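Raw data-v5.cif, mmCIF, C-alpha atoms:
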```
data_my_file
#
loop_
_atom_site.label_atom_id
_atom_site.label_comp_id
_atom_site.auth_asym_id
_atom_site.auth_seq_id
_atom_site.Cartn_x
_atom_site.Cartn_y
_atom_site.Cartn_z
CA MET D 1 -239.54 -54.89 -17.82
CA MET D 2 -238.76 -58.60 -18.00
CA ALA D 3 -241.09 -60.78 -15.94
CA PRO D 4 -239.40 -62.27 -12.84
CA GLN D 5 -240.34 -65.78 -13.95
CA LEU D 6 -238.75 -65.29 -17.35
CA LEU D 7 -235.64 -63.75 -15.80
CA LEU D 8 -235.32 -66.77 -13.52
CA VAL D 9 -235.63 -69.12 -16.46
CA LEU D 10 -233.00 -67.26 -18.45
CA LEU D 11 -230.63 -67.41 -15.52
CA LEU D 12 -231.17 -71.15 -15.37
CA LEU D 13 -229.89 -71.36 -18.91
CA LEU D 14 -226.47 -70.45 -17.65
CA VAL D 15 -226.26 -73.67 -15.72
CA THR D 16 -228.10 -75.98 -18.12
CA CYS D 17 -226.44 -79.35 -18.04
CA ALA D 18 -225.19 -81.09 -21.16
CA SER D 19 -227.66 -83.65 -22.40
CA GLY D 20 -225.30 -86.61 -22.33
CA ILE D 21 -225.17 -87.07 -26.11
CA ARG D 22 -221.51 -86.34 -26.63
CA GLY D 23 -219.05 -89.00 -27.69
CA LEU D 24 -218.02 -90.98 -30.69
CA SER D 25 -221.05 -91.85 -32.78
CA ILE D 26 -222.39 -91.97 -36.29
CA GLY D 27 -225.86 -90.71 -37.04
CA VAL D 28 -227.89 -90.41 -40.20
CA ASN D 29 -230.27 -87.88 -41.73
CA TYR D 30 -233.68 -89.48 -42.16
CA GLY D 31 -235.46 -87.73 -45.03
CA THR D 32 -238.87 -88.73 -46.32
CA MET D 33 -239.07 -87.27 -49.84
CA GLY D 34 -239.76 -90.57 -51.57
CA ASP D 35 -242.90 -92.34 -52.76
CA ASN D 36 -241.68 -95.84 -51.95
CA LEU D 37 -240.09 -95.57 -48.50
CA PRO D 38 -240.68 -98.11 -45.71
CA SER D 39 -242.81 -97.32 -42.68
CA PRO D 40 -241.21 -95.39 -39.79
CA ALA D 41 -241.65 -98.45 -37.54
CA ALA D 42 -239.74 -100.62 -40.00
CA VAL D 43 -237.00 -97.98 -40.25
CA ALA D 44 -236.62 -97.68 -36.48
CA ASN D 45 -236.42 -101.44 -36.06
CA PHE D 46 -233.89 -101.77 -38.90
CA LEU D 47 -231.58 -99.10 -37.49
CA LYS D 48 -231.74 -100.54 -33.99
CA THR D 49 -231.18 -104.17 -34.90
CA ASN D 50 -229.08 -104.07 -38.06
CA THR D 51 -226.81 -101.02 -37.88
CA ILE D 52 -224.37 -99.23 -35.60
CA ILE D 53 -226.31 -95.98 -36.09
CA ASP D 54 -227.39 -94.67 -32.68
CA ARG D 55 -228.94 -91.33 -33.63
CA VAL D 56 -231.08 -89.84 -36.37
CA LYS D 57 -231.76 -86.30 -37.51
CA LEU D 58 -235.13 -85.30 -38.95
CA PHE D 59 -235.95 -82.30 -41.13
CA ASP D 60 -239.24 -81.81 -39.31
CA ALA D 61 -241.00 -83.22 -36.23
CA ASN D 62 -243.06 -85.94 -37.92
CA PRO D 63 -245.19 -87.49 -35.16
CA ASP D 64 -245.34 -90.92 -36.83
CA ILE D 65 -241.55 -91.07 -36.90
CA LEU D 66 -241.25 -89.85 -33.31
CA ARG D 67 -243.66 -92.54 -32.13
CA ALA D 68 -241.80 -95.19 -34.12
CA PHE D 69 -238.51 -94.41 -32.36
CA ALA D 70 -240.02 -94.73 -28.88
CA ASN D 71 -238.12 -97.13 -26.61
CA THR D 72 -235.39 -97.77 -29.20
CA GLY D 73 -232.73 -95.81 -27.32
CA ILE D 74 -231.85 -94.04 -30.57
CA ALA D 75 -231.23 -90.32 -30.05
CA VAL D 76 -233.46 -88.11 -32.21
CA THR D 77 -232.87 -84.55 -33.41
CA ILE D 78 -235.95 -82.76 -34.73
CA THR D 79 -236.22 -79.56 -36.76
CA VAL D 80 -238.49 -76.54 -36.62
CA PRO D 81 -239.39 -75.85 -40.28
CA ASN D 82 -238.09 -72.48 -41.43
CA GLY D 83 -241.63 -71.22 -41.91
CA ASP D 84 -242.46 -71.84 -38.23
CA ILE D 85 -239.65 -69.65 -36.90
CA PRO D 86 -241.67 -66.38 -36.63
CA GLY D 87 -244.14 -68.19 -34.39
CA LEU D 88 -241.40 -68.86 -31.83
CA MET D 89 -240.70 -65.21 -31.09
CA THR D 90 -242.85 -65.24 -27.95
CA VAL D 91 -242.74 -67.67 -25.04
CA GLU D 92 -246.38 -68.52 -25.64
CA GLY D 93 -245.77 -69.31 -29.29
CA ALA D 94 -242.67 -71.36 -28.46
CA LYS D 95 -244.54 -73.29 -25.74
CA GLY D 96 -247.29 -74.05 -28.20
CA TRP D 97 -244.75 -75.53 -30.63
CA VAL D 98 -243.20 -77.63 -27.84
CA GLU D 99 -246.62 -78.89 -26.72
CA ARG D 100 -247.52 -79.93 -30.28
CA ASN D 101 -244.20 -81.39 -31.37
CA VAL D 102 -242.18 -82.49 -28.33
CA MET D 103 -244.49 -83.27 -25.44
CA GLY D 104 -246.39 -86.54 -25.64
CA PHE D 105 -243.41 -88.49 -26.96
CA GLU D 106 -241.95 -89.40 -23.58
CA GLY D 107 -240.64 -92.77 -24.77
CA THR D 108 -238.70 -91.15 -27.62
CA ARG D 109 -235.23 -89.86 -26.86
CA ILE D 110 -235.45 -86.37 -28.32
CA VAL D 111 -232.10 -84.76 -27.56
CA ARG D 112 -231.99 -81.67 -29.74
CA VAL D 113 -234.18 -79.23 -31.64
CA LEU D 114 -232.83 -77.38 -34.66
CA VAL D 115 -234.50 -74.04 -35.24
CA GLY D 116 -234.63 -74.04 -39.01
CA ASN D 117 -232.17 -75.45 -41.52
CA GLU D 118 -229.50 -73.29 -43.20
CA VAL D 119 -231.49 -70.14 -42.48
CA LEU D 120 -228.57 -67.76 -42.97
CA HIS D 121 -227.83 -69.28 -46.36
CA TRP D 122 -231.37 -69.29 -47.75
CA GLY D 123 -233.06 -66.44 -45.87
CA PRO D 124 -235.21 -64.43 -46.18
CA GLN D 125 -233.77 -61.61 -44.12
CA GLU D 126 -236.73 -61.60 -41.72
CA LEU D 127 -235.88 -65.15 -40.65
CA ARG D 128 -232.22 -64.29 -40.24
CA ASP D 129 -233.21 -61.42 -37.96
CA ASP D 130 -235.51 -63.63 -35.88
CA LEU D 131 -233.25 -66.68 -35.64
CA VAL D 132 -231.38 -66.12 -32.36
CA GLY D 133 -234.44 -64.73 -30.61
CA ALA D 134 -236.47 -67.76 -31.66
CA MET D 135 -233.75 -70.09 -30.36
CA ARG D 136 -233.77 -68.35 -27.00
CA MET D 137 -237.55 -68.42 -26.69
CA LEU D 138 -237.69 -72.11 -27.61
CA LYS D 139 -235.15 -72.91 -24.92
CA VAL D 140 -237.20 -70.97 -22.37
CA ALA D 141 -240.28 -72.94 -23.41
CA LEU D 142 -238.46 -76.24 -23.02
CA VAL D 143 -237.21 -75.27 -19.55
CA GLN D 144 -240.69 -74.18 -18.45
CA THR D 145 -242.21 -77.47 -19.62
CA GLY D 146 -239.63 -79.59 -17.82
CA LEU D 147 -237.66 -80.41 -20.96
CA GLY D 148 -234.65 -78.19 -20.37
CA HIS D 149 -232.25 -81.06 -21.08
CA ILE D 150 -233.10 -80.83 -24.78
CA GLN D 151 -230.55 -78.74 -26.68
CA VAL D 152 -231.54 -75.93 -29.02
CA THR D 153 -229.40 -74.88 -31.97
CA THR D 154 -229.64 -74.50 -35.77
CA ALA D 155 -227.81 -75.95 -38.77
CA HIS D 156 -225.62 -73.96 -41.16
CA SER D 157 -224.28 -74.49 -44.64
CA LEU D 158 -220.67 -73.41 -45.09
CA GLY D 159 -222.02 -70.46 -47.03
CA ILE D 160 -221.69 -68.67 -43.68
CA LEU D 161 -217.94 -68.50 -44.31
CA LEU D 162 -216.33 -65.54 -46.05
CA ARG D 163 -213.25 -67.66 -46.70
CA SER D 164 -212.05 -71.12 -45.78
CA GLN D 165 -208.54 -71.35 -47.22
CA PRO D 166 -206.07 -71.63 -45.65
CA PRO D 167 -208.10 -73.12 -42.77
CA SER D 168 -206.46 -70.94 -40.14
CA THR D 169 -207.83 -67.84 -41.90
CA GLY D 170 -211.45 -69.05 -41.87
CA ARG D 171 -213.83 -66.19 -41.09
CA PHE D 172 -217.60 -65.69 -41.07
CA ARG D 173 -219.24 -63.32 -43.52
CA PRO D 174 -219.32 -59.67 -42.41
CA GLY D 175 -222.68 -58.71 -40.97
CA TRP D 176 -223.55 -62.27 -40.04
CA ASP D 177 -220.43 -62.58 -37.90
CA THR D 178 -221.16 -60.02 -35.18
CA GLY D 179 -224.82 -59.44 -36.01
CA VAL D 180 -226.06 -63.05 -35.82
CA LEU D 181 -223.34 -65.61 -35.19
CA ALA D 182 -221.65 -63.97 -32.19
CA PRO D 183 -224.89 -63.72 -30.16
CA MET D 184 -225.83 -67.22 -31.33
CA LEU D 185 -222.50 -68.64 -30.16
CA GLN D 186 -222.95 -66.87 -26.84
CA PHE D 187 -226.32 -68.58 -26.44
CA LEU D 188 -224.82 -71.95 -27.37
CA ARG D 189 -222.04 -71.46 -24.84
CA GLU D 190 -224.53 -70.55 -22.11
CA THR D 191 -226.72 -73.58 -22.80
CA LYS D 192 -223.91 -76.02 -23.59
CA SER D 193 -225.30 -76.68 -27.04
CA PRO D 194 -223.31 -77.29 -30.23
CA PHE D 195 -222.71 -75.23 -33.34
CA VAL D 196 -224.06 -77.39 -36.18
CA VAL D 197 -222.49 -77.19 -39.65
CA ASN D 198 -222.96 -79.09 -42.92
CA PRO D 199 -219.54 -79.60 -44.55
CA TYR D 200 -219.66 -81.27 -47.98
CA PRO D 201 -216.28 -81.93 -49.62
CA TYR D 202 -218.35 -83.23 -52.55
CA PHE D 203 -219.25 -79.66 -53.50
CA GLY D 204 -215.58 -78.77 -53.84
CA SER D 205 -214.58 -81.95 -55.61
CA THR D 206 -212.93 -82.39 -58.99
CA ALA D 207 -211.36 -85.41 -60.64
CA LYS D 208 -207.93 -84.08 -59.68
CA LEU D 209 -208.88 -83.59 -56.03
CA LEU D 210 -210.82 -86.85 -55.65
CA ASN D 211 -208.41 -88.49 -53.20
CA TYR D 212 -208.21 -85.33 -51.11
CA CYS D 213 -212.00 -85.14 -50.98
CA THR D 214 -212.62 -88.83 -50.20
CA PHE D 215 -209.98 -89.57 -47.51
CA GLY D 216 -207.72 -91.22 -50.08
CA ARG D 217 -203.95 -91.12 -50.45
CA TYR D 218 -202.89 -87.51 -50.92
CA ARG D 219 -199.62 -85.63 -50.68
CA GLY D 220 -200.98 -83.09 -48.21
CA TRP D 221 -202.03 -79.44 -48.40
CA PRO D 222 -200.06 -77.18 -46.04
CA ASP D 223 -201.47 -74.15 -44.29
CA ARG D 224 -198.69 -71.61 -44.78
CA TYR D 225 -199.60 -69.73 -41.60
CA THR D 226 -199.66 -72.64 -39.14
CA GLY D 227 -197.49 -75.25 -40.82
CA LYS D 228 -200.32 -77.77 -40.39
CA VAL D 229 -200.72 -80.21 -43.26
CA TYR D 230 -204.16 -81.34 -44.45
CA TYR D 231 -204.64 -84.75 -46.01
CA ASN D 232 -208.41 -84.49 -46.54
CA MET D 233 -210.87 -81.69 -47.27
CA PHE D 234 -213.17 -82.61 -44.39
CA ASP D 235 -210.53 -81.61 -41.82
CA SER D 236 -209.79 -78.44 -43.77
CA LEU D 237 -213.44 -77.35 -43.75
CA MET D 238 -213.88 -78.17 -40.07
CA ASP D 239 -210.79 -76.18 -39.12
CA ALA D 240 -211.98 -73.22 -41.18
CA VAL D 241 -215.20 -73.22 -39.13
CA TYR D 242 -213.21 -73.53 -35.91
CA SER D 243 -210.95 -70.61 -36.92
CA ALA D 244 -213.99 -68.44 -37.63
CA MET D 245 -215.48 -69.32 -34.24
CA LYS D 246 -212.16 -68.63 -32.53
CA ALA D 247 -211.91 -65.24 -34.22
CA LEU D 248 -215.20 -64.31 -32.53
CA GLY D 249 -213.98 -65.64 -29.18
CA TYR D 250 -215.87 -68.97 -29.09
CA PRO D 251 -213.36 -71.78 -29.71
CA ASP D 252 -214.81 -73.78 -26.80
CA VAL D 253 -218.29 -74.31 -28.28
CA ASP D 254 -218.74 -77.89 -29.51
CA ILE D 255 -219.16 -78.53 -33.23
CA VAL D 256 -221.58 -81.12 -34.62
CA VAL D 257 -221.57 -82.26 -38.25
CA GLY D 258 -225.25 -82.02 -39.12
CA GLU D 259 -224.93 -83.19 -42.71
CA THR D 260 -222.19 -84.59 -44.89
CA GLY D 261 -222.23 -87.20 -47.61
CA TRP D 262 -221.48 -88.15 -51.20
CA PRO D 263 -223.86 -89.11 -54.03
CA THR D 264 -223.53 -92.20 -56.20
CA VAL D 265 -224.83 -90.43 -59.31
CA ALA D 266 -224.47 -86.82 -60.44
CA GLU D 267 -224.39 -84.83 -63.68
CA SER D 268 -222.80 -86.54 -66.69
CA TRP D 269 -219.75 -84.31 -66.59
CA GLN D 270 -219.01 -85.27 -62.96
CA THR D 271 -217.27 -88.46 -64.01
CA TRP D 272 -215.62 -88.91 -60.60
CA VAL D 273 -218.98 -89.25 -58.83
CA ASN D 274 -220.00 -92.91 -58.60
CA VAL D 275 -220.54 -95.74 -56.14
CA GLY D 276 -216.80 -96.09 -55.64
CA SER D 277 -216.21 -92.48 -54.64
CA ALA D 278 -219.33 -92.48 -52.42
CA LYS D 279 -218.11 -95.60 -50.65
CA ALA D 280 -214.63 -94.11 -50.27
CA TYR D 281 -215.97 -90.88 -48.75
CA ASN D 282 -218.56 -92.27 -46.36
CA GLY D 283 -216.42 -95.24 -45.39
CA GLY D 284 -213.47 -92.92 -44.80
CA LEU D 285 -215.72 -90.56 -42.85
CA VAL D 286 -216.87 -93.33 -40.48
CA ARG D 287 -213.29 -94.45 -39.99
CA HIS D 288 -212.02 -90.91 -39.44
CA VAL D 289 -214.75 -89.86 -37.01
CA ASN D 290 -214.54 -93.04 -34.98
CA SER D 291 -210.74 -92.77 -34.72
CA GLY D 292 -211.18 -89.78 -32.39
CA ARG D 293 -208.10 -88.11 -33.91
CA GLY D 294 -209.84 -84.81 -34.55
CA THR D 295 -208.29 -82.30 -36.96
CA PRO D 296 -204.94 -80.47 -37.16
CA LEU D 297 -206.33 -77.47 -35.21
CA MET D 298 -208.60 -79.61 -32.99
CA PRO D 299 -206.54 -82.71 -32.18
CA GLY D 300 -208.40 -85.35 -30.21
CA ARG D 301 -211.71 -83.53 -30.58
CA LYS D 302 -214.75 -85.73 -31.15
CA PHE D 303 -217.45 -84.82 -33.65
CA GLU D 304 -220.98 -86.15 -33.52
CA THR D 305 -221.61 -86.74 -37.22
CA TYR D 306 -224.74 -87.31 -39.33
CA ILE D 307 -224.39 -88.83 -42.80
CA PHE D 308 -226.73 -87.58 -45.50
CA GLY D 309 -228.81 -89.53 -46.06
CA LEU D 310 -230.52 -92.72 -45.00
CA PHE D 311 -232.45 -93.47 -48.21
CA THR D 312 -232.33 -92.62 -51.88
CA GLU D 313 -235.26 -90.20 -52.10
CA ASP D 314 -236.77 -90.23 -55.57
CA GLN D 315 -239.02 -87.21 -55.02
CA LYS D 316 -236.32 -84.69 -54.08
CA PRO D 317 -236.15 -81.70 -56.43
CA GLY D 318 -232.97 -80.24 -57.84
CA PRO D 319 -229.89 -81.81 -59.45
CA ILE D 320 -229.59 -85.56 -60.01
CA ALA D 321 -227.24 -85.88 -57.05
CA GLU D 322 -229.96 -84.81 -54.61
CA ARG D 323 -231.83 -88.05 -55.30
CA ASN D 324 -228.75 -90.24 -54.94
CA PHE D 325 -227.13 -89.55 -51.57
CA GLY D 326 -228.81 -92.51 -49.84
CA LEU D 327 -226.97 -95.27 -48.01
CA PHE D 328 -229.91 -97.66 -48.44
CA ARG D 329 -232.58 -98.45 -50.98
CA PRO D 330 -236.21 -98.45 -49.80
CA ASP D 331 -236.06 -102.25 -49.28
CA PHE D 332 -233.10 -101.74 -46.88
CA ARG D 333 -230.54 -103.14 -49.30
CA PRO D 334 -227.33 -101.10 -48.96
CA VAL D 335 -226.35 -99.07 -51.99
CA TYR D 336 -222.76 -99.89 -50.95
CA ASP D 337 -221.02 -101.00 -47.78
CA THR D 338 -219.77 -98.29 -45.45
CA GLY D 339 -219.35 -100.59 -42.47
CA ILE D 340 -222.42 -99.38 -40.57
CA LEU D 341 -224.26 -102.70 -40.84
CA ARG D 342 -223.70 -104.92 -37.82
CA SER D 343 -223.22 -107.93 -40.08
CA SER D 344 -220.66 -106.23 -42.32
CA PRO D 345 -217.02 -105.36 -41.76
CA ARG D 346 -216.27 -101.87 -40.49
CA PRO D 347 -214.53 -99.57 -42.99
CA HIS D 348 -211.35 -99.64 -40.91
CA PRO D 349 -209.81 -103.07 -41.61
CA GLN D 350 -208.82 -105.00 -38.53
CA PRO D 351 -205.29 -106.40 -38.31
CA GLY D 352 -205.26 -109.84 -39.92
CA PRO D 353 -203.55 -112.98 -38.65
CA LYS D 354 -199.81 -113.17 -38.63
CA PRO D 355 -198.48 -114.96 -41.71
CA VAL D 356 -197.44 -118.55 -41.28
CA GLY D 357 -193.72 -119.18 -41.69
CA ARG D 358 -191.15 -116.46 -42.15
CA LYS D 359 -191.86 -112.89 -41.06
CA GLN D 360 -192.35 -110.24 -43.73
CA TRP D 361 -191.79 -106.49 -43.94
CA CYS D 362 -192.85 -103.79 -46.41
CA VAL D 363 -190.01 -101.61 -47.74
CA PRO D 364 -189.49 -99.17 -50.64
CA LYS D 365 -188.44 -100.56 -53.99
CA PRO D 366 -184.78 -99.83 -54.82
CA GLY D 367 -185.70 -97.50 -57.67
CA ALA D 368 -188.28 -95.44 -55.73
CA THR D 369 -187.35 -91.75 -55.57
CA GLU D 370 -187.66 -89.38 -52.61
CA ALA D 371 -190.41 -87.51 -54.47
CA GLN D 372 -192.36 -90.77 -54.68
CA LEU D 373 -191.68 -91.81 -51.08
CA GLN D 374 -192.54 -88.59 -49.25
CA PRO D 375 -196.29 -88.99 -50.00
CA ASN D 376 -196.07 -92.52 -48.57
CA ILE D 377 -194.92 -91.05 -45.23
CA ASN D 378 -197.68 -88.46 -45.30
CA TYR D 379 -200.37 -91.00 -46.11
CA ALA D 380 -199.32 -93.73 -43.68
CA CYS D 381 -198.90 -91.31 -40.79
CA SER D 382 -202.35 -89.81 -41.45
CA GLN D 383 -204.05 -93.20 -41.12
CA GLY D 384 -203.65 -93.72 -37.39
CA ILE D 385 -200.15 -95.20 -37.61
CA ASP D 386 -197.74 -94.31 -34.77
CA CYS D 387 -195.01 -92.36 -36.51
CA THR D 388 -193.33 -90.97 -33.40
CA PRO D 389 -190.29 -93.29 -33.90
CA ILE D 390 -189.36 -91.33 -37.07
CA GLN D 391 -189.85 -87.94 -35.44
CA ALA D 392 -187.02 -86.02 -33.79
CA GLY D 393 -185.79 -87.97 -30.78
CA GLY D 394 -187.46 -91.21 -31.94
CA ALA D 395 -185.60 -94.50 -32.15
CA CYS D 396 -185.77 -94.52 -35.97
CA PHE D 397 -185.24 -90.80 -36.62
CA GLN D 398 -181.53 -91.21 -37.35
CA PRO D 399 -180.13 -91.36 -39.94
CA VAL D 400 -182.37 -88.64 -41.34
CA SER D 401 -183.48 -89.64 -44.83
CA THR D 402 -186.75 -89.73 -46.72
CA ARG D 403 -186.13 -93.35 -47.72
CA GLY D 404 -185.45 -94.47 -44.15
CA HIS D 405 -188.49 -92.71 -42.73
CA ALA D 406 -190.69 -93.97 -45.58
CA GLN D 407 -189.47 -97.50 -44.95
CA TYR D 408 -190.58 -97.35 -41.33
CA ALA D 409 -193.95 -95.72 -42.10
CA MET D 410 -194.76 -98.06 -44.99
CA ASN D 411 -193.98 -101.15 -42.92
CA ALA D 412 -195.97 -99.89 -39.92
CA TYR D 413 -198.96 -99.34 -42.21
CA TYR D 414 -198.57 -102.78 -43.82
CA GLN D 415 -198.36 -104.53 -40.46
CA ALA D 416 -201.33 -102.66 -38.97
CA LYS D 417 -203.60 -103.21 -41.96
CA GLY D 418 -203.35 -106.97 -42.05
CA HIS D 419 -200.30 -108.08 -44.05
CA GLN D 420 -202.14 -107.97 -47.37
CA SER D 421 -199.98 -107.41 -50.43
CA PHE D 422 -202.11 -104.47 -51.60
CA ASN D 423 -201.30 -102.69 -48.32
CA CYS D 424 -197.66 -102.60 -49.45
CA ASP D 425 -198.33 -101.31 -52.95
CA PHE D 426 -198.02 -97.55 -52.31
CA ALA D 427 -198.61 -96.67 -55.97
CA GLY D 428 -196.08 -99.27 -57.07
CA THR D 429 -193.24 -98.07 -54.82
CA GLY D 430 -193.42 -100.78 -52.13
CA VAL D 431 -192.21 -104.37 -52.04
CA ILE D 432 -192.48 -107.16 -49.46
CA THR D 433 -189.25 -108.63 -48.14
CA ASN D 434 -188.22 -111.40 -45.73
CA LYS D 435 -185.18 -109.43 -44.56
CA ASP D 436 -185.67 -107.59 -41.26
CA PRO D 437 -184.83 -103.87 -41.79
CA SER D 438 -184.44 -103.23 -38.04
CA TYR D 439 -181.19 -101.65 -36.86
CA GLY D 440 -179.81 -100.67 -33.49
CA SER D 441 -182.66 -99.58 -31.21
CA CYS D 442 -184.95 -99.07 -34.22
CA ARG D 443 -187.17 -102.15 -34.30
CA TYR D 444 -189.58 -102.84 -37.16
CA ALA D 445 -192.83 -104.64 -36.38
CA ALA D 446 -193.52 -107.95 -38.13
#
```
Show me the file's structure as structure tokens.
Amino acid sequence: MMAPQLLLVLLLLLVTCASGIRGLSIGVNYGTMGDNLPSPAAVANFLKTNTIIDRVKLFDANPDILRAFANTGIAVTITVPNGDIPGLMTVEGAKGWVERNVMGFEGTRIVRVLVGNEVLHWGPQELRDDLVGAMRMLKVALVQTGLGHIQVTTAHSLGILLRSQPPSTGRFRPGWDTGVLAPMLQFLRETKSPFVVNPYPYFGSTAKLLNYCTFGRYRGWPDRYTGKVYYNMFDSLMDAVYSAMKALGYPDVDIVVGETGWPTVAESWQTWVNVGSAKAYNGGLVRHVNSGRGTPLMPGRKFETYIFGLFTEDQKPGPIAERNFGLFRPDFRPVYDTGILRSSPRPHPQPGPKPVGRKQWCVPKPGATEAQLQPNINYACSQGIDCTPIQAGGACFQPVSTRGHAQYAMNAYYQAKGHQSFNCDFAGTGVITNKDPSYGSCRYAA
């Protein structure tokens, strides 16, 4: 029979409050597999004073790092190594882990503990069987030690999915779905903790799909079952996860992006992987996450997101790419600019000053075809531009024509992005004019 004290604690889980870490934010994975990395104190000070990063995720519970982040205000997620999971299967074992790795760091803002990393993907089966039980016991231990505000969850690769395309048909793998993930999602719902996934469009990238994978200009990929159109792979992967959760009855559980990123160097045949594509992906990711737009199936939903990774780690095993995901070199020089440095521009350009003299508008070139202009509508309207005027009932909807709608969308994009000539290029189909294209109640910004 369950002890009354334990029963009381488990009942308390049902009313555990959220830890106050939700909201728009960009975090980073802080790995330490390098022989030339700066001290944890230097890293904590750099992140606090020089970047917009307000949270870090660790792959262990390194005490030196935890002490270094004390009194910085930076939220810290720590990880139970996979090999420690069997030791959490009793309350006593879980409390011992908490006492060794969480208690004693009162000045450090530990907000979440991940029980293992990608356990379902890598196994072995014994760990998969123990995972949910270990999560529950760790939460009990945290509650009993006065640390019940700390969330408990685990991180998953997208290998947990049986299928992901189209996104609305996303489903978890049989066996894991009802055997592990359903009880895990129930626990996360009870404790108001997130489901953590590691979506990497990089792993599905090809030269042909580069724009789709890196938030670039893309014609759109429709889901034939919902009619939703996807302009980047990140949204597609996130909605596949959401659909799988919904199929099990848990669409309300929050989703956190535990890892995502893009390397600057990969195998010689991956010619599309370079500094440019890494900058495009991570810069686009920061812009997309901080826009708060969500995804086609989760509009307006906000995702706490952790970029992988903070440093280039020269001791990581595996393919070349594994050692080249870092945003910074060990001396804190950025590998490229993603807009996370306080002294650098954000990846989302701010509207520039109005041009001196005559007003200007961006319109399609006379010879541009409808096939060329439709992608311009799709792209501009996916970049935060208000396209409601060219939707049914809008002031610029009539007359209905691809050229007319493209003209409005292209100009709105050009005006919002700062009146730079390259923002009216649209693959050579746009031109700047001094003639106002407004008509009737349809007014074009200038």
Residue with the minimum atom-to-atom distance to Gly261 in chain D, picked from D:Ile307, D:Ala207, D:Val241, D:Val289 with all atoms listed in the file counted, is D:Ile307
Give as a PyMOL selection string the set of residues within 7 Å of the point (-219.8, -102.0, -51.6), where distances use the file's coordinates and all atoms listed in the file. chain D and resi 279+336-337
message = Please list as JSON, numbers by chain every residue within 10 Å of range 218-227 of chain D, counting only C-alpha atoms and excluding residues in the same chain fewer than 5 positions away.
response = {"D": [165, 166, 167, 168, 169, 209, 210, 211, 212, 213, 232, 233, 236, 296, 297, 372, 374, 375, 376, 377, 378, 379, 382]}
Written as a PDB file with C-alpha atoms, in the coordinates of the input, which residues does the PyMOL selection byres ((chain D and resi 413) around 9) give for the file shown?
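Listed below is the output, part.pdb:
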```
ATOM      1  CA  CYS D 362    -192.850-103.790 -46.410  1.00  0.00           C
ATOM      2  CA  ALA D 380    -199.320 -93.730 -43.680  1.00  0.00           C
ATOM      3  CA  CYS D 381    -198.900 -91.310 -40.790  1.00  0.00           C
ATOM      4  CA  GLN D 383    -204.050 -93.200 -41.120  1.00  0.00           C
ATOM      5  CA  GLY D 384    -203.650 -93.720 -37.390  1.00  0.00           C
ATOM      6  CA  ILE D 385    -200.150 -95.200 -37.610  1.00  0.00           C
ATOM      7  CA  TYR D 408    -190.580 -97.350 -41.330  1.00  0.00           C
ATOM      8  CA  ALA D 409    -193.950 -95.720 -42.100  1.00  0.00           C
ATOM      9  CA  MET D 410    -194.760 -98.060 -44.990  1.00  0.00           C
ATOM     10  CA  ASN D 411    -193.980-101.150 -42.920  1.00  0.00           C
ATOM     11  CA  ALA D 412    -195.970 -99.890 -39.920  1.00  0.00           C
ATOM     12  CA  TYR D 414    -198.570-102.780 -43.820  1.00  0.00           C
ATOM     13  CA  GLN D 415    -198.360-104.530 -40.460  1.00  0.00           C
ATOM     14  CA  ALA D 416    -201.330-102.660 -38.970  1.00  0.00           C
ATOM     15  CA  LYS D 417    -203.600-103.210 -41.960  1.00  0.00           C
ATOM     16  CA  GLY D 418    -203.350-106.970 -42.050  1.00  0.00           C
ATOM     17  CA  ASN D 423    -201.300-102.690 -48.320  1.00  0.00           C
ATOM     18  CA  CYS D 424    -197.660-102.600 -49.450  1.00  0.00           C
TER      19      CYS D 424
END
```
Atom pair CA of Ala446 in chain D + CA of Ile432 in chain D, distance 11.4 Å
Run the PyMOL selection byres ((chain D and resi 181) around 12) mentally over the shown coordinates, then write out the matched residues as a compact mmCIF listing (two decimals) with C-alpha atoms, keeping the file's coordinate frame, using the chain letters and numbers from the document.
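Just written: selection08.txt:
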```txt
# COMPACT_ATOMS: atom_id res chain seq x y z
CA VAL D 119 -231.49 -70.14 -42.48
CA LEU D 120 -228.57 -67.76 -42.97
CA ARG D 128 -232.22 -64.29 -40.24
CA ASP D 129 -233.21 -61.42 -37.96
CA LEU D 131 -233.25 -66.68 -35.64
CA VAL D 132 -231.38 -66.12 -32.36
CA THR D 153 -229.40 -74.88 -31.97
CA THR D 154 -229.64 -74.50 -35.77
CA ALA D 155 -227.81 -75.95 -38.77
CA HIS D 156 -225.62 -73.96 -41.16
CA ILE D 160 -221.69 -68.67 -43.68
CA LEU D 161 -217.94 -68.50 -44.31
CA ARG D 171 -213.83 -66.19 -41.09
CA PHE D 172 -217.60 -65.69 -41.07
CA ARG D 173 -219.24 -63.32 -43.52
CA PRO D 174 -219.32 -59.67 -42.41
CA GLY D 175 -222.68 -58.71 -40.97
CA TRP D 176 -223.55 -62.27 -40.04
CA ASP D 177 -220.43 -62.58 -37.90
CA THR D 178 -221.16 -60.02 -35.18
CA GLY D 179 -224.82 -59.44 -36.01
CA VAL D 180 -226.06 -63.05 -35.82
CA ALA D 182 -221.65 -63.97 -32.19
CA PRO D 183 -224.89 -63.72 -30.16
CA MET D 184 -225.83 -67.22 -31.33
CA LEU D 185 -222.50 -68.64 -30.16
CA GLN D 186 -222.95 -66.87 -26.84
CA PHE D 187 -226.32 -68.58 -26.44
CA LEU D 188 -224.82 -71.95 -27.37
CA ARG D 189 -222.04 -71.46 -24.84
CA PHE D 195 -222.71 -75.23 -33.34
CA VAL D 196 -224.06 -77.39 -36.18
CA VAL D 241 -215.20 -73.22 -39.13
CA ALA D 244 -213.99 -68.44 -37.63
CA MET D 245 -215.48 -69.32 -34.24
CA LYS D 246 -212.16 -68.63 -32.53
CA ALA D 247 -211.91 -65.24 -34.22
CA LEU D 248 -215.20 -64.31 -32.53
CA GLY D 249 -213.98 -65.64 -29.18
CA TYR D 250 -215.87 -68.97 -29.09
```
